[in-house]
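To keep things clear, I will list the structure first and then write my remarks on it.
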Amino acid sequence: MDSKKMTKEQKYELLVAQVSSLLEGETNWTARLAETCAAIHDAMGFFWVGFYLVEDEQLVIGPFQGSVACLRIPKGKGVC
């Protein structure tokens, strides 16, 4: 089915199945986060998809797809 003609619900259902398949058997968290970002970015067409990981009192950029992003965000601060 043409993804442009799919409903949002259909896209999410397909995405869940795809990510489940991609991550099956993979135990490395960096690889799992990277594949998840890529799948969401491709399937949904979002501008930016990514993960920030907590390190001490900061959020530190993890795997992402999209334009450049803040490397570190202090606890209690935001960028949006």
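To be explicit about the labels: the chains of the structure tokens are called A, B, and onward in the order shown, and within each one the residues are counted from 1, while ligands get numbers from 1 in the order they are shown.
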
Checklist entry - Could you name the residues that touch Cys37 (chain A) at 8 Å or less, counting only C-alpha atoms, but leaving out those on the same chain fewer than 4 positions away, as a ChimeraX atom specification? => result /A:33,41,49-51,63-65

Next on the checklist: If we count only C-alpha atoms and set the cut-off at 12 Å, which residues sit around Leu14 (chain A), ignoring sequence neighbours fewer than 2 positions away in its own chain? Please answer as a ChimeraX atom specification.
Outcome noted: /A:1,3,6-12,16-21,39-40,42-44

Next on the checklist: For the structure I just gave you, how does DSSP split chain A - specifically, which residues are alpha helix (DSSP H)? Reply as a PyMOL selection string.
Outcome noted: chain A and resi 8-23+29-44

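Minimum atom-to-atom distance to Phe46 (chain A), evaluated using only C-alpha atoms, belongs to A:Ser67 out of A:Gln58, A:Leu23, A:Ser67, A:Arg72.
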
Next on the checklist: I need the strand (DSSP E or B) residues of chain A per DSSP on the backbone, written as a PyMOL selection string.
Outcome noted: chain A and resi 49-55+58-65+72-74

Can those selected residues be exported to a file as an mmCIF file, in the first residue's frame so that it contains N, CA and C atoms?
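Done, and the output landed in result04.cif:
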```cif
data_model
loop_
_atom_site.group_PDB
_atom_site.id
_atom_site.type_symbol
_atom_site.label_atom_id
_atom_site.label_comp_id
_atom_site.auth_asym_id
_atom_site.auth_seq_id
_atom_site.Cartn_x
_atom_site.Cartn_y
_atom_site.Cartn_z
ATOM 1 N N VAL A 49 14.002 12.891 14.808
ATOM 2 C CA VAL A 49 13.644 11.808 15.727
ATOM 3 C C VAL A 49 14.915 11.406 16.450
ATOM 4 N N GLY A 50 14.868 11.332 17.766
ATOM 5 C CA GLY A 50 16.069 10.916 18.471
ATOM 6 C C GLY A 50 15.843 10.676 19.943
ATOM 7 N N PHE A 51 16.912 10.265 20.571
ATOM 8 C CA PHE A 51 16.901 9.966 21.996
ATOM 9 C C PHE A 51 17.959 10.797 22.702
ATOM 10 N N TYR A 52 17.594 11.329 23.853
ATOM 11 C CA TYR A 52 18.558 11.927 24.762
ATOM 12 C C TYR A 52 18.680 10.979 25.944
ATOM 13 N N LEU A 53 19.892 10.777 26.404
ATOM 14 C CA LEU A 53 20.170 9.860 27.501
ATOM 15 C C LEU A 53 20.593 10.659 28.730
ATOM 16 N N VAL A 54 20.145 10.228 29.891
ATOM 17 C CA VAL A 54 20.476 10.931 31.131
ATOM 18 C C VAL A 54 21.889 10.550 31.560
ATOM 19 N N GLU A 55 22.697 11.586 31.797
ATOM 20 C CA GLU A 55 24.071 11.393 32.284
ATOM 21 C C GLU A 55 24.326 12.457 33.336
ATOM 22 N N GLN A 58 22.559 15.965 33.267
ATOM 23 C CA GLN A 58 22.328 16.463 31.912
ATOM 24 C C GLN A 58 21.660 15.415 31.039
ATOM 25 N N LEU A 59 21.033 15.908 29.977
ATOM 26 C CA LEU A 59 20.593 15.043 28.889
ATOM 27 C C LEU A 59 21.671 15.118 27.823
ATOM 28 N N VAL A 60 22.135 13.978 27.368
ATOM 29 C CA VAL A 60 23.196 13.904 26.374
ATOM 30 C C VAL A 60 22.622 13.262 25.113
ATOM 31 N N ILE A 61 22.911 13.861 23.965
ATOM 32 C CA ILE A 61 22.365 13.357 22.703
ATOM 33 C C ILE A 61 22.768 11.908 22.489
ATOM 34 N N GLY A 62 21.797 11.132 22.060
ATOM 35 C CA GLY A 62 22.022 9.745 21.687
ATOM 36 C C GLY A 62 21.759 9.597 20.201
ATOM 37 N N PRO A 63 21.463 8.404 19.754
ATOM 38 C CA PRO A 63 21.186 8.194 18.335
ATOM 39 C C PRO A 63 20.003 9.053 17.865
ATOM 40 N N PHE A 64 20.148 9.634 16.665
ATOM 41 C CA PHE A 64 19.067 10.433 16.107
ATOM 42 C C PHE A 64 19.154 10.466 14.594
ATOM 43 N N GLN A 65 18.058 10.908 13.979
ATOM 44 C CA GLN A 65 17.971 11.132 12.542
ATOM 45 C C GLN A 65 17.436 12.545 12.365
ATOM 46 N N ARG A 72 24.232 18.596 24.643
ATOM 47 C CA ARG A 72 23.899 18.424 26.049
ATOM 48 C C ARG A 72 22.860 19.462 26.450
ATOM 49 N N ILE A 73 21.930 19.039 27.282
ATOM 50 C CA ILE A 73 20.908 19.937 27.801
ATOM 51 C C ILE A 73 20.944 19.793 29.334
ATOM 52 N N PRO A 74 21.238 20.887 30.040
ATOM 53 C CA PRO A 74 21.282 20.814 31.503
ATOM 54 C C PRO A 74 19.905 20.464 32.087
#
```

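Distances here use only C-alpha atoms; by that measure, the residue among A:Leu22, A:Lys75, A:Lys5, A:Gly66 closest to Thr36 (chain A) is A:Leu22.
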